[in-house]
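Structure record follows, encoded as C-alpha cells.
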Amino acid sequence: MGQHDTSLMTLRRMQKIKAICKASPDLDEAFKAMRVSARKLSNPISVDLTSRCNLFCEGCYYYEGDAQAMQDEEDEKKWRAFFESERDRNVKFIYVGGAEAALHPERIRAAADNIPYGIIAANGTIKIPKEVNYRIAVSVWGLPDITEKLRGGGTFWKSVRNYARDPRAMFVYTISRQNIDQIRDVVQILSDEGASITFNMYSPTESYLDKLARGAKNDKEFFRVSNQEDNLAFKDEDLAICRDVVDEVVEEFPDSIVYPKAFNHEVTVPGPYFTLDSDGIATDCAGRHNGTHKTILSTLTESPNKCCMPNINCAECRLLATVLPSRLMPREKDSVNEAAVRDWINICKYWSWFYLNEPYRPV
C-alpha cells in the first residue's frame, strides 16, 4: 500500500471519529484537547546524549546489538550549538535517551534551554537538575533482588529516593517474563512512596534473540543470566498472565497508576504488534526514520538505522516508546463505534500524560 493510500485511509478514519465525537459533548471536548496537545509534538527528534551507562541491564536495548554509536562527541559547545540549530529548525519536542542521559546534565540543560518539550529516559540513579522541566521516565525492573540481578546493581531504593516525589517523574515498570509475579509488590511500594506508575513491555533485541536461539554462553555484561529456558522474552501464555495482572493492579491503585486497560489489552495480544514489511521491519511505527522523524546519535551524527531503537526486533516490539506515539494515528478498529473512540481517546490522553505531564482524566 502506498503513502497516498495510507494517508487517505487515515483521513477517512479521522472523519468517522470526528462524527462520533460531535454526537457526544465530552468526547468532542476531549478530541479537541488531544489535537492541541499533539501540536506540542511538532517536528520531534530523538537524541542519544551518550553511549555511557552506569548499569549492565540484561538484554539492554542499547548495548545488546551493534546498531548504536559507541563513541561520544565530547565538545559541549558543539552539543549546545546543535540544540540551538534544532530550535531554529522549529523542533518543539525531544526524546532524550542514552545509554544513560543523566550522566550528562550539561547536555540535558542545553536541550532544555532550546527545545520547550521533552522526555528523558533514566534509570533513576542520578538526579536530573531541578531546573530541567522535562518529563522523566524512571525505569524499574522489579523488587530489589531481581533489580540487582537484572541490572547489575542494587538501584531500586536509590531511584525511589531520587524520584518518587518528583513531580516531573513517573516510574515505568518494564514487565518481562521474569518479573510478572512482582508487579503488585512493586506497585504497592511505589504507591506508598507517592510515586506515579505506568508500564512498559520488555522487547528483545535481535542480538538477544539470536543468543537464545543458538544457546550462547553467558557473558559478564548484557547476557549474564539468560538461557533458552529462563529469559526475559515473552511467550504467549506470559502475555495473557501479564494482561490479567496489570488489569488487577490498575483497578487496585487508581490514584497511582496511569495505564488504560485498552492499551494493556493491545500490547498483550500474541504476535507482532506492528505491520511488518517483507524484511520484517515495522511499517506503522512512529519511531521509524521515514523522513519526518530522525535520531541523533551520541556522535552528533544522524542515525542511518531503521528507527530510534534500532537493535530491537520489530516482530517482538511492544515498547512504550514506540507503540504509544504510534497510537496517535488511529487504526481501523478505533473508529467503529463510540466505545472504540473512547478507548482511542483515552490512549491519546495517556500519551499526553506520559510525554507532556498533562492530567489524565479518562472519558
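In the C-alpha cells, chains take letters A, B, ... by order of appearance, with residues numbered from 1 within each chain and ligands from 1 in the order shown.
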All strand (DSSP E) positions in region 130-199 of chain A, as a tab-separated table (two decimals) with all heavy atoms, in the first residue's frame:
```
chain	number	residue	atom	x	y	z
A	135	ARG	N	9.71	15.88	31.21
A	135	ARG	CA	9.20	14.66	31.81
A	135	ARG	C	10.37	13.69	32.02
A	135	ARG	O	11.31	13.65	31.20
A	135	ARG	CB	8.17	14.04	30.86
A	135	ARG	CG	7.26	13.00	31.50
A	135	ARG	CD	6.29	13.64	32.43
A	135	ARG	NE	5.09	12.84	32.61
A	135	ARG	CZ	4.70	12.36	33.78
A	135	ARG	NH1	5.41	12.57	34.87
A	135	ARG	NH2	3.57	11.66	33.86
A	136	ILE	N	10.31	12.90	33.09
A	136	ILE	CA	11.36	11.93	33.37
A	136	ILE	C	10.73	10.55	33.53
A	136	ILE	O	9.86	10.36	34.39
A	136	ILE	CB	12.16	12.30	34.63
A	136	ILE	CG1	12.77	13.70	34.49
A	136	ILE	CG2	13.27	11.27	34.88
A	136	ILE	CD1	13.40	14.22	35.77
A	137	ALA	N	11.14	9.61	32.70
A	137	ALA	CA	10.65	8.24	32.77
A	137	ALA	C	11.71	7.40	33.47
A	137	ALA	O	12.77	7.12	32.90
A	137	ALA	CB	10.37	7.70	31.38
A	138	VAL	N	11.43	7.01	34.71
A	138	VAL	CA	12.38	6.26	35.53
A	138	VAL	C	12.06	4.77	35.39
A	138	VAL	O	10.98	4.32	35.78
A	138	VAL	CB	12.31	6.68	37.01
A	138	VAL	CG1	13.31	5.88	37.84
A	138	VAL	CG2	12.56	8.18	37.16
A	139	SER	N	12.97	4.01	34.85
A	139	SER	CA	12.71	2.59	34.64
A	139	SER	C	12.90	1.79	35.92
A	139	SER	O	13.82	2.03	36.70
A	139	SER	CB	13.64	2.04	33.55
A	139	SER	OG	14.99	2.18	33.92
A	140	VAL	N	12.00	0.85	36.14
A	140	VAL	CA	12.09	-0.06	37.28
A	140	VAL	C	11.84	-1.47	36.77
A	140	VAL	O	10.97	-1.68	35.93
A	140	VAL	CB	11.10	0.33	38.40
A	140	VAL	CG1	9.66	0.33	37.91
A	140	VAL	CG2	11.23	-0.57	39.61
A	169	ALA	N	8.51	13.20	37.39
A	169	ALA	CA	8.87	11.80	37.17
A	169	ALA	C	7.69	10.85	37.26
A	169	ALA	O	6.72	11.09	38.00
A	169	ALA	CB	9.94	11.37	38.18
A	170	MET	N	7.81	9.76	36.50
A	170	MET	CA	6.93	8.61	36.64
A	170	MET	C	7.82	7.38	36.62
A	170	MET	O	8.87	7.37	35.98
A	170	MET	CB	5.92	8.54	35.50
A	170	MET	CG	6.58	8.35	34.16
A	170	MET	SD	5.57	8.85	32.80
A	170	MET	CE	6.83	9.34	31.62
A	171	PHE	N	7.40	6.36	37.34
A	171	PHE	CA	8.13	5.09	37.35
A	171	PHE	C	7.51	4.17	36.30
A	171	PHE	O	6.31	3.91	36.33
A	171	PHE	CB	8.10	4.46	38.74
A	171	PHE	CG	9.09	5.07	39.69
A	171	PHE	CD1	8.89	6.35	40.18
A	171	PHE	CD2	10.24	4.39	40.05
A	171	PHE	CE1	9.80	6.94	41.05
A	171	PHE	CE2	11.16	4.95	40.91
A	171	PHE	CZ	10.95	6.23	41.40
A	172	VAL	N	8.36	3.70	35.40
A	172	VAL	CA	7.90	2.87	34.30
A	172	VAL	C	8.37	1.44	34.56
A	172	VAL	O	9.56	1.13	34.41
A	172	VAL	CB	8.44	3.37	32.94
A	172	VAL	CG1	7.86	2.55	31.80
A	172	VAL	CG2	8.11	4.85	32.76
A	173	TYR	N	7.45	0.61	35.01
A	173	TYR	CA	7.78	-0.78	35.32
A	173	TYR	C	7.91	-1.56	34.01
A	173	TYR	O	6.93	-1.76	33.29
A	173	TYR	CB	6.68	-1.40	36.19
A	173	TYR	CG	7.00	-2.77	36.76
A	173	TYR	CD1	7.19	-2.94	38.12
A	173	TYR	CD2	7.11	-3.89	35.94
A	173	TYR	CE1	7.48	-4.19	38.66
A	173	TYR	CE2	7.41	-5.12	36.46
A	173	TYR	CZ	7.59	-5.28	37.82
A	173	TYR	OH	7.88	-6.51	38.34
A	174	THR	N	9.14	-1.97	33.70
A	174	THR	CA	9.37	-2.77	32.50
A	174	THR	C	9.06	-4.22	32.81
A	174	THR	O	9.83	-4.91	33.49
A	174	THR	CB	10.81	-2.62	32.00
A	174	THR	OG1	11.02	-1.25	31.61
A	174	THR	CG2	11.06	-3.51	30.79
A	175	ILE	N	7.91	-4.68	32.32
A	175	ILE	CA	7.47	-6.04	32.58
A	175	ILE	C	8.22	-7.00	31.66
A	175	ILE	O	8.33	-6.77	30.46
A	175	ILE	CB	5.95	-6.19	32.34
A	175	ILE	CG1	5.17	-5.16	33.16
A	175	ILE	CG2	5.50	-7.60	32.68
A	175	ILE	CD1	3.70	-5.10	32.79
A	197	ILE	N	2.96	5.77	38.46
A	197	ILE	CA	3.42	4.49	37.91
A	197	ILE	C	2.74	4.21	36.58
A	197	ILE	O	1.54	4.48	36.41
A	197	ILE	CB	3.09	3.34	38.90
A	197	ILE	CG1	3.62	3.64	40.29
A	197	ILE	CG2	3.64	2.01	38.38
A	197	ILE	CD1	2.85	2.93	41.39
A	198	THR	N	3.49	3.63	35.67
A	198	THR	CA	2.92	3.09	34.44
A	198	THR	C	3.75	1.86	34.05
A	198	THR	O	4.63	1.44	34.80
A	198	THR	CB	2.86	4.14	33.32
A	198	THR	OG1	2.03	3.66	32.27
A	198	THR	CG2	4.24	4.50	32.80
A	199	PHE	N	3.49	1.30	32.85
A	199	PHE	CA	4.13	0.03	32.49
A	199	PHE	C	4.72	0.08	31.09
A	199	PHE	O	4.28	0.84	30.21
A	199	PHE	CB	3.11	-1.12	32.57
A	199	PHE	CG	2.56	-1.33	33.94
A	199	PHE	CD1	1.29	-0.84	34.28
A	199	PHE	CD2	3.29	-1.99	34.91
A	199	PHE	CE1	0.78	-1.02	35.55
A	199	PHE	CE2	2.79	-2.17	36.19
A	199	PHE	CZ	1.53	-1.69	36.50
```
Check your understanding: Near Glu237 (chain A), within 12 Å and counting only C-alpha atoms, which residues show up once chain neighbours fewer than 6 positions away are dropped, as a list of chain:residue names?
Key ->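 Once the adjacent positions are removed, what remains is A:Arg177, A:Ile180, A:Arg243, A:Asp244, A:Thr268, A:Val269, A:Pro270, A:Gly271.
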Practice item. Write out as a list in words the residues lying within 9 Å of Ala69 (chain A), counting only C-alpha atoms and excluding same-chain residues fewer than 6 positions away. Key: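 Non-adjacent residues within range: Asp48, Thr50, Ser51, Leu297, Ser298, Thr299 and Ser303 of chain A.
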Those of region 152-317 of chain A in DSSP alpha helix (DSSP H), formatted as a PDB file with C-alpha atoms, in the first residue's frame:
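This went into selection-v9.pdb:
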```pdb
ATOM      1  CA  PHE A 156      15.843   0.142  43.382  1.00  0.00           C
ATOM      2  CA  TRP A 157      15.806   2.209  46.565  1.00  0.00           C
ATOM      3  CA  LYS A 158      18.140   4.843  45.170  1.00  0.00           C
ATOM      4  CA  SER A 159      15.725   5.536  42.309  1.00  0.00           C
ATOM      5  CA  VAL A 160      12.850   5.711  44.797  1.00  0.00           C
ATOM      6  CA  ARG A 161      14.742   8.233  46.944  1.00  0.00           C
ATOM      7  CA  ASN A 162      15.663  10.321  43.931  1.00  0.00           C
ATOM      8  CA  TYR A 163      12.338  10.431  42.098  1.00  0.00           C
ATOM      9  CA  ILE A 183       4.243  -6.324  39.722  1.00  0.00           C
ATOM     10  CA  ARG A 184       1.814  -5.911  42.586  1.00  0.00           C
ATOM     11  CA  ASP A 185       4.500  -5.760  45.292  1.00  0.00           C
ATOM     12  CA  VAL A 186       6.475  -3.118  43.406  1.00  0.00           C
ATOM     13  CA  VAL A 187       3.349  -1.058  42.719  1.00  0.00           C
ATOM     14  CA  GLN A 188       2.475  -1.199  46.412  1.00  0.00           C
ATOM     15  CA  ILE A 189       5.913   0.105  47.397  1.00  0.00           C
ATOM     16  CA  LEU A 190       5.911   2.867  44.815  1.00  0.00           C
ATOM     17  CA  SER A 191       2.343   3.866  45.644  1.00  0.00           C
ATOM     18  CA  ASP A 192       3.199   4.085  49.348  1.00  0.00           C
ATOM     19  CA  GLU A 206      17.945  -9.135  17.508  1.00  0.00           C
ATOM     20  CA  SER A 207      21.202  -9.984  19.276  1.00  0.00           C
ATOM     21  CA  TYR A 208      19.464 -11.189  22.444  1.00  0.00           C
ATOM     22  CA  LEU A 209      17.107 -13.441  20.471  1.00  0.00           C
ATOM     23  CA  ASP A 210      19.993 -14.808  18.420  1.00  0.00           C
ATOM     24  CA  LYS A 211      21.924 -15.712  21.566  1.00  0.00           C
ATOM     25  CA  LEU A 212      18.894 -17.504  22.973  1.00  0.00           C
ATOM     26  CA  ALA A 213      18.256 -19.374  19.710  1.00  0.00           C
ATOM     27  CA  ASP A 236       2.032 -16.229  24.530  1.00  0.00           C
ATOM     28  CA  GLU A 237       0.972 -17.553  27.928  1.00  0.00           C
ATOM     29  CA  ASP A 238       3.082 -14.876  29.664  1.00  0.00           C
ATOM     30  CA  LEU A 239       1.260 -12.151  27.765  1.00  0.00           C
ATOM     31  CA  ALA A 240      -2.108 -13.469  28.928  1.00  0.00           C
ATOM     32  CA  ILE A 241      -0.947 -13.557  32.554  1.00  0.00           C
ATOM     33  CA  CYS A 242       0.507 -10.076  32.222  1.00  0.00           C
ATOM     34  CA  ARG A 243      -2.768  -8.698  30.865  1.00  0.00           C
ATOM     35  CA  ASP A 244      -4.750 -10.045  33.808  1.00  0.00           C
ATOM     36  CA  VAL A 245      -2.261  -8.950  36.472  1.00  0.00           C
ATOM     37  CA  VAL A 246      -1.984  -5.425  35.107  1.00  0.00           C
ATOM     38  CA  ASP A 247      -5.767  -5.097  34.843  1.00  0.00           C
ATOM     39  CA  GLU A 248      -5.998  -6.065  38.515  1.00  0.00           C
ATOM     40  CA  VAL A 249      -3.420  -3.560  39.779  1.00  0.00           C
ATOM     41  CA  VAL A 250      -4.866  -0.767  37.645  1.00  0.00           C
ATOM     42  CA  GLU A 251      -8.177  -1.366  39.437  1.00  0.00           C
ATOM     43  CA  GLU A 252      -6.492  -1.602  42.839  1.00  0.00           C
ATOM     44  CA  LYS A 261      -6.869  -1.045  30.024  1.00  0.00           C
ATOM     45  CA  ALA A 262      -7.469  -0.731  26.300  1.00  0.00           C
ATOM     46  CA  PHE A 263      -3.751  -0.137  25.828  1.00  0.00           C
ATOM     47  CA  ASN A 264      -2.863  -3.042  28.108  1.00  0.00           C
ATOM     48  CA  HIS A 265      -5.088  -5.335  26.070  1.00  0.00           C
ATOM     49  CA  GLU A 266      -3.448  -4.220  22.814  1.00  0.00           C
ATOM     50  CA  VAL A 267       0.171  -4.793  23.818  1.00  0.00           C
TER      51      VAL A 267
END
```
Exercise for review: Could you give me, as JSON, numbers by chain, the residues within 10 Å of Lys16 (chain A), counting only C-alpha atoms and dropping anything in the same chain fewer than 2 positions from it?
Suggested key: {"A": [10, 11, 12, 13, 14, 18, 19, 20, 21, 334, 335, 336, 337, 341]}
Review point. For Asn179 (chain A), which residue out of A:Val132, A:Leu319, A:Ala33, A:Ala233 is the nearest one, using only C-alpha atoms?
Key: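 So, comparing all the options, the nearest one is A:Ala233.
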Exercise for review: Skip region 146-148 of chain A itself and residues of its chain fewer than 6 positions away, then list as a list in words all residues within 10 Å of it, counting only C-alpha atoms.
Suggested key: Leu55, Phe56, Cys57, Val140, Gly154, Thr155, Phe156, Gln178, Asn179 and Gln182 of chain A
Residues just named, written with N, CA, C and O atoms as a short mmCIF file (atom, residue, chain, number, x, y, z; two decimals), in the first residue's frame:
```
data_model
loop_
_atom_site.label_atom_id
_atom_site.label_comp_id
_atom_site.auth_asym_id
_atom_site.auth_seq_id
_atom_site.Cartn_x
_atom_site.Cartn_y
_atom_site.Cartn_z
N LEU A 55 25.03 1.11 34.47
CA LEU A 55 24.43 -0.18 34.77
C LEU A 55 24.73 -1.18 33.66
O LEU A 55 25.22 -0.80 32.59
N PHE A 56 24.42 -2.45 33.93
CA PHE A 56 24.61 -3.52 32.95
C PHE A 56 23.31 -4.32 32.86
O PHE A 56 23.24 -5.46 33.30
N CYS A 57 22.29 -3.71 32.28
CA CYS A 57 20.97 -4.35 32.24
C CYS A 57 20.96 -5.54 31.28
O CYS A 57 21.44 -5.44 30.15
N VAL A 140 12.00 0.85 36.14
CA VAL A 140 12.09 -0.06 37.28
C VAL A 140 11.84 -1.47 36.77
O VAL A 140 10.97 -1.68 35.93
N GLY A 154 22.31 -2.68 42.78
CA GLY A 154 21.16 -2.50 43.67
C GLY A 154 20.62 -1.09 43.60
O GLY A 154 20.86 -0.27 44.50
N THR A 155 19.88 -0.79 42.57
CA THR A 155 19.46 0.58 42.28
C THR A 155 18.03 0.92 42.71
O THR A 155 17.61 2.07 42.62
N PHE A 156 17.28 -0.06 43.16
CA PHE A 156 15.84 0.14 43.38
C PHE A 156 15.58 1.29 44.35
O PHE A 156 14.88 2.26 44.01
N GLN A 178 10.36 -12.54 33.57
CA GLN A 178 10.94 -12.88 34.86
C GLN A 178 10.40 -12.07 36.03
O GLN A 178 10.74 -12.36 37.18
N ASN A 179 9.60 -11.04 35.77
CA ASN A 179 9.16 -10.22 36.91
C ASN A 179 7.66 -9.96 36.97
O ASN A 179 7.20 -9.10 37.71
N GLN A 182 6.10 -9.98 40.37
CA GLN A 182 6.48 -8.94 41.34
C GLN A 182 5.74 -7.62 41.10
O GLN A 182 5.94 -6.66 41.84
#
```
